[in-house]
There are 2 protein chains.
Amino acid sequence: MPVIEQNSSHATLINVFTVEPDRAQELTDLLSHATAEVMQHLPGFRSASIHKSTDRTRVVNYAQWDSAAAFFAMQADPAAREHMSAAAEIASAFDPHLYTVESVHQK
Amino acid sequence: MPVIEQNSSHATLINVFTVEPDRAQELTDLLSHATAEVMQHLPGFRSASIHKSTDRTRVVNYAQWDSAAAFFAMQADPAAREHMSAAAEIASAFDPHLYTVESVHQK
């Protein structure tokens with residue numbers, strides 16, 4: 001299972017999709033399917049975890065790639081682009097950014 | 001270290017802060033400090049991981065609580081509210097939602 005750790009060498013993508021509640025499950029399923037079919041087979045993929053908000057207005061992909069370069073290469077892959085376009089059509093907005101883990105606190 | 005897993009009983013909070021780039025580090029530090037000082041001592045806290053986007057326009061808190069009820073109780077705690085207000089003043093927007101983990105894919 002994916003682990004969140006500080007000072008890791010990998011790149012974290014957090015993509016927040018805004019969605020109409022009645023399309024939240026459809027978007028969740030599309031992202032899970034695209035990850036299983038395409039994304040996880042691309043170079044540098046480490047993990048992707050698809051989250052759905054309990055109010056069904058947001059879907060979040062929390063993904064880990066070996067590097068920012070691997071993430072950008074994925075974005076240029078034709079099959080990946082096709083799935084990303086399909087997700088963008090279901091969502092009303094999306095907000096992908098690459099992140100570093102700055103601190104981790106655990107009980 | 002925090003682990004992302006499907007079908008977990010816990011509640012996942014993802015709070016996305018939009019921030020001016022020159023205040024991203026200040027907000028990151030405030031959230032890390034608030035978690036260490038207050039949040040992680042509250043009942044039901046499991047983990048919090050503070051992320052800063054590489055473009056410095058977003059800060060994300062990815063947190064795990066035992067339950068939604070524990071998260072809502074935290075929001076009513078006076079010390080926690082004080083820290084949340086301070087974070088809200090630094091950020092230009094924030095977008096907290098509770099999530100379930102719908103699928104996890106790992107290489």
# chains A, B, ... in the order shown; residues from 1 in each chain; ligands from 1
$ residues_around --residues "segment 67-74 of chain B" --least-positions-apart "2" --cutoff "9 Å" --atoms "only C-alpha atoms" --output "compact mmCIF listing (two decimals) with N, CA, C and O atoms, in the first residue's frame"
# COMPACT_ATOMS: atom_id res chain seq x y z
N SER B 9 -11.48 1.80 7.85
CA SER B 9 -12.59 2.37 8.62
C SER B 9 -12.39 3.85 8.89
O SER B 9 -13.31 4.53 9.36
N HIS B 10 -11.19 4.38 8.63
CA HIS B 10 -10.96 5.76 9.03
C HIS B 10 -11.49 6.77 8.01
O HIS B 10 -11.85 6.41 6.88
N ALA B 11 -11.54 8.03 8.43
CA ALA B 11 -11.98 9.13 7.57
C ALA B 11 -10.74 9.88 7.08
O ALA B 11 -9.83 10.16 7.85
N THR B 12 -10.73 10.17 5.80
CA THR B 12 -9.61 10.93 5.22
C THR B 12 -10.07 12.36 4.97
O THR B 12 -11.08 12.58 4.29
N LEU B 13 -9.32 13.31 5.53
CA LEU B 13 -9.54 14.72 5.23
C LEU B 13 -8.50 15.17 4.22
O LEU B 13 -7.30 14.95 4.44
N MET B 39 -3.34 19.37 17.02
CA MET B 39 -4.17 18.36 16.34
C MET B 39 -3.81 16.93 16.74
O MET B 39 -4.70 16.10 16.98
N LEU B 42 -5.38 15.38 19.85
CA LEU B 42 -6.84 15.29 19.99
C LEU B 42 -7.30 13.85 19.76
O LEU B 42 -6.67 13.09 19.03
N PRO B 43 -8.44 13.49 20.37
CA PRO B 43 -8.94 12.11 20.23
C PRO B 43 -9.24 11.77 18.78
O PRO B 43 -9.85 12.58 18.07
N GLY B 44 -8.81 10.59 18.37
CA GLY B 44 -9.15 10.13 17.03
C GLY B 44 -8.18 10.53 15.95
O GLY B 44 -8.34 10.11 14.79
N PHE B 45 -7.16 11.32 16.30
CA PHE B 45 -6.14 11.69 15.30
C PHE B 45 -5.31 10.47 14.93
O PHE B 45 -4.88 9.71 15.79
N GLN B 64 -5.70 11.74 8.35
CA GLN B 64 -6.52 10.55 8.64
C GLN B 64 -7.01 10.63 10.08
O GLN B 64 -6.20 10.84 10.99
N TRP B 65 -8.31 10.48 10.24
CA TRP B 65 -8.94 10.48 11.56
C TRP B 65 -9.67 9.16 11.74
O TRP B 65 -10.09 8.54 10.77
N ALA B 76 -14.49 21.59 16.47
CA ALA B 76 -15.16 22.34 17.54
C ALA B 76 -14.22 22.65 18.70
O ALA B 76 -14.59 23.38 19.62
N ASP B 77 -13.00 22.13 18.64
CA ASP B 77 -12.04 22.35 19.73
C ASP B 77 -11.49 23.78 19.66
O ASP B 77 -11.02 24.21 18.60
N PRO B 78 -11.52 24.52 20.77
CA PRO B 78 -11.09 25.93 20.72
C PRO B 78 -9.65 26.13 20.24
O PRO B 78 -9.40 27.02 19.43
N ALA B 80 -7.85 24.13 18.37
CA ALA B 80 -7.80 23.78 16.95
C ALA B 80 -8.40 24.89 16.09
O ALA B 80 -7.86 25.24 15.03
N ARG B 81 -9.50 25.46 16.56
CA ARG B 81 -10.15 26.54 15.80
C ARG B 81 -9.23 27.74 15.65
O ARG B 81 -9.21 28.40 14.61
N LEU B 98 -14.14 15.56 3.46
CA LEU B 98 -13.86 14.20 3.91
C LEU B 98 -14.02 13.25 2.73
O LEU B 98 -14.92 13.42 1.91
$ residues_around --residues "Lys52 of chain A" --least-positions-apart "5" --cutoff "12 Å" --atoms "only C-alpha atoms" --output "PyMOL selection string"
(chain A and resi 15-21+23-29+31-32+57-62) or (chain B and resi 6+11-14+97-103)
$ closest_residue --among "A:Met84, A:Ala79, A:Ile4, A:Ala93" --to "Ala48 of chain B" --atoms "only C-alpha atoms"
A:Ile4
$ residues_around --residues "Pro2 of chain B" --least-positions-apart "6" --cutoff "9 Å" --atoms "only C-alpha atoms" --output "ChimeraX atom specification"
/A:2-5,104-106 /B:46-49,63-64
$ write_last_selection --atoms "all heavy atoms" --output "short mmCIF file (atom, residue, chain, number, x, y, z; two decimals), in the first residue's frame"
data_model
loop_
_atom_site.label_atom_id
_atom_site.label_comp_id
_atom_site.auth_asym_id
_atom_site.auth_seq_id
_atom_site.Cartn_x
_atom_site.Cartn_y
_atom_site.Cartn_z
N PRO A 2 0.40 2.31 -0.65
CA PRO A 2 1.21 3.54 -0.71
C PRO A 2 1.46 4.11 0.68
O PRO A 2 0.58 4.12 1.54
CB PRO A 2 0.34 4.50 -1.53
CG PRO A 2 -0.60 3.63 -2.29
CD PRO A 2 -0.83 2.42 -1.41
N VAL A 3 2.67 4.58 0.86
CA VAL A 3 3.10 5.17 2.13
C VAL A 3 3.46 6.63 1.86
O VAL A 3 4.07 6.94 0.84
CB VAL A 3 4.32 4.40 2.68
CG1 VAL A 3 4.96 5.15 3.83
CG2 VAL A 3 3.92 2.99 3.08
N ILE A 4 3.05 7.51 2.78
CA ILE A 4 3.41 8.93 2.65
C ILE A 4 4.64 9.18 3.50
O ILE A 4 4.62 8.93 4.71
CB ILE A 4 2.25 9.83 3.12
CG1 ILE A 4 0.98 9.53 2.30
CG2 ILE A 4 2.64 11.30 3.00
CD1 ILE A 4 -0.25 10.29 2.79
N GLU A 5 5.71 9.64 2.89
CA GLU A 5 6.91 9.88 3.68
C GLU A 5 7.60 11.17 3.27
O GLU A 5 7.61 11.56 2.12
CB GLU A 5 7.88 8.70 3.61
CG GLU A 5 8.30 8.29 2.24
CD GLU A 5 9.17 7.02 2.26
OE1 GLU A 5 9.99 6.86 3.17
OE2 GLU A 5 9.01 6.19 1.36
N VAL A 104 5.33 15.02 8.19
CA VAL A 104 4.43 13.90 8.45
C VAL A 104 4.30 13.73 9.95
O VAL A 104 5.30 13.72 10.67
CB VAL A 104 4.96 12.60 7.81
CG1 VAL A 104 4.10 11.41 8.23
CG2 VAL A 104 4.98 12.71 6.28
N HIS A 105 3.08 13.65 10.42
CA HIS A 105 2.78 13.52 11.85
C HIS A 105 1.91 12.29 12.01
O HIS A 105 0.91 12.14 11.31
CB HIS A 105 2.04 14.74 12.37
CG HIS A 105 2.64 16.04 11.92
ND1 HIS A 105 3.48 16.78 12.71
CD2 HIS A 105 2.54 16.71 10.74
CE1 HIS A 105 3.86 17.87 12.04
NE2 HIS A 105 3.31 17.84 10.86
N GLN A 106 2.25 11.44 12.95
CA GLN A 106 1.46 10.24 13.14
C GLN A 106 1.41 9.88 14.62
O GLN A 106 2.37 10.07 15.35
CB GLN A 106 2.07 9.06 12.34
CG GLN A 106 1.12 7.89 12.21
CD GLN A 106 1.60 6.91 11.16
OE1 GLN A 106 2.78 6.88 10.84
NE2 GLN A 106 0.71 6.10 10.64
N ARG B 46 -5.11 10.27 13.63
CA ARG B 46 -4.22 9.20 13.18
C ARG B 46 -2.97 9.72 12.51
O ARG B 46 -1.86 9.30 12.84
CB ARG B 46 -4.95 8.30 12.18
CG ARG B 46 -5.98 7.40 12.80
CD ARG B 46 -6.34 6.30 11.84
NE ARG B 46 -7.34 5.44 12.43
CZ ARG B 46 -7.71 4.27 11.93
NH1 ARG B 46 -7.15 3.83 10.82
NH2 ARG B 46 -8.62 3.54 12.52
N SER B 47 -3.14 10.61 11.55
CA SER B 47 -1.96 11.15 10.87
C SER B 47 -2.34 12.42 10.13
O SER B 47 -3.51 12.67 9.84
CB SER B 47 -1.40 10.14 9.85
OG SER B 47 -2.19 10.12 8.68
N ALA B 48 -1.32 13.23 9.86
CA ALA B 48 -1.47 14.39 8.98
C ALA B 48 -0.17 14.56 8.22
O ALA B 48 0.92 14.47 8.81
CB ALA B 48 -1.79 15.65 9.77
N SER B 49 -0.29 14.76 6.93
CA SER B 49 0.89 14.96 6.08
C SER B 49 0.70 16.27 5.33
O SER B 49 -0.27 16.44 4.59
CB SER B 49 1.05 13.80 5.09
OG SER B 49 1.21 12.58 5.79
N ALA B 63 -4.98 14.21 5.84
CA ALA B 63 -5.04 13.74 7.23
C ALA B 63 -5.98 12.55 7.37
O ALA B 63 -6.93 12.39 6.60
CB ALA B 63 -5.51 14.88 8.13
N GLN B 64 -5.70 11.74 8.35
CA GLN B 64 -6.52 10.55 8.64
C GLN B 64 -7.01 10.63 10.08
O GLN B 64 -6.20 10.84 10.99
CB GLN B 64 -5.69 9.28 8.40
CG GLN B 64 -5.26 9.13 6.94
CD GLN B 64 -4.21 8.05 6.71
OE1 GLN B 64 -3.29 7.90 7.53
NE2 GLN B 64 -4.32 7.33 5.62
#
$ atom_distance --atom1 "atom CA of Ala34 of chain B" --atom2 "atom CA of Phe94 of chain B"
16.2 Å
$ closest_residue --among "A:Val38, A:Met1, A:Ala86, A:Leu30" --to "chain B" --atoms "only C-alpha atoms"
A:Met1
$ closest_residue --among "A:Pro96, A:Asp66, A:Ser85, A:Lys107" --to "chain B" --atoms "only C-alpha atoms"
A:Lys107
$ select_by_dssp --residues "segment 7-42 of chain B" --states "helix (DSSP H, G or I)" --output "PyMOL selection string"
chain B and resi 21-37+39-41
$ decode --residues "segment 33-48 of chain A" --atoms "C-alpha atoms" --output "PDB file, in the first residue's frame"
ATOM      1  CA  HIS A  33     -10.068   2.060 -14.806  1.00  0.00           C
ATOM      2  CA  ALA A  34      -7.591   4.411 -16.519  1.00  0.00           C
ATOM      3  CA  THR A  35      -5.031   3.796 -13.799  1.00  0.00           C
ATOM      4  CA  ALA A  36      -5.371   0.025 -14.027  1.00  0.00           C
ATOM      5  CA  GLU A  37      -5.373  -0.051 -17.822  1.00  0.00           C
ATOM      6  CA  VAL A  38      -2.825   2.625 -18.720  1.00  0.00           C
ATOM      7  CA  MET A  39      -1.177   4.713 -16.024  1.00  0.00           C
ATOM      8  CA  GLN A  40       0.250   1.970 -13.846  1.00  0.00           C
ATOM      9  CA  HIS A  41       2.055   0.446 -16.840  1.00  0.00           C
ATOM     10  CA  LEU A  42       3.914   3.653 -17.708  1.00  0.00           C
ATOM     11  CA  PRO A  43       7.563   4.190 -16.704  1.00  0.00           C
ATOM     12  CA  GLY A  44       8.015   5.756 -13.314  1.00  0.00           C
ATOM     13  CA  PHE A  45       4.543   4.973 -11.945  1.00  0.00           C
ATOM     14  CA  ARG A  46       4.573   4.152  -8.234  1.00  0.00           C
ATOM     15  CA  SER A  47       1.013   4.412  -6.978  1.00  0.00           C
ATOM     16  CA  ALA A  48      -2.347   6.090  -7.425  1.00  0.00           C
TER      17      ALA A  48
END
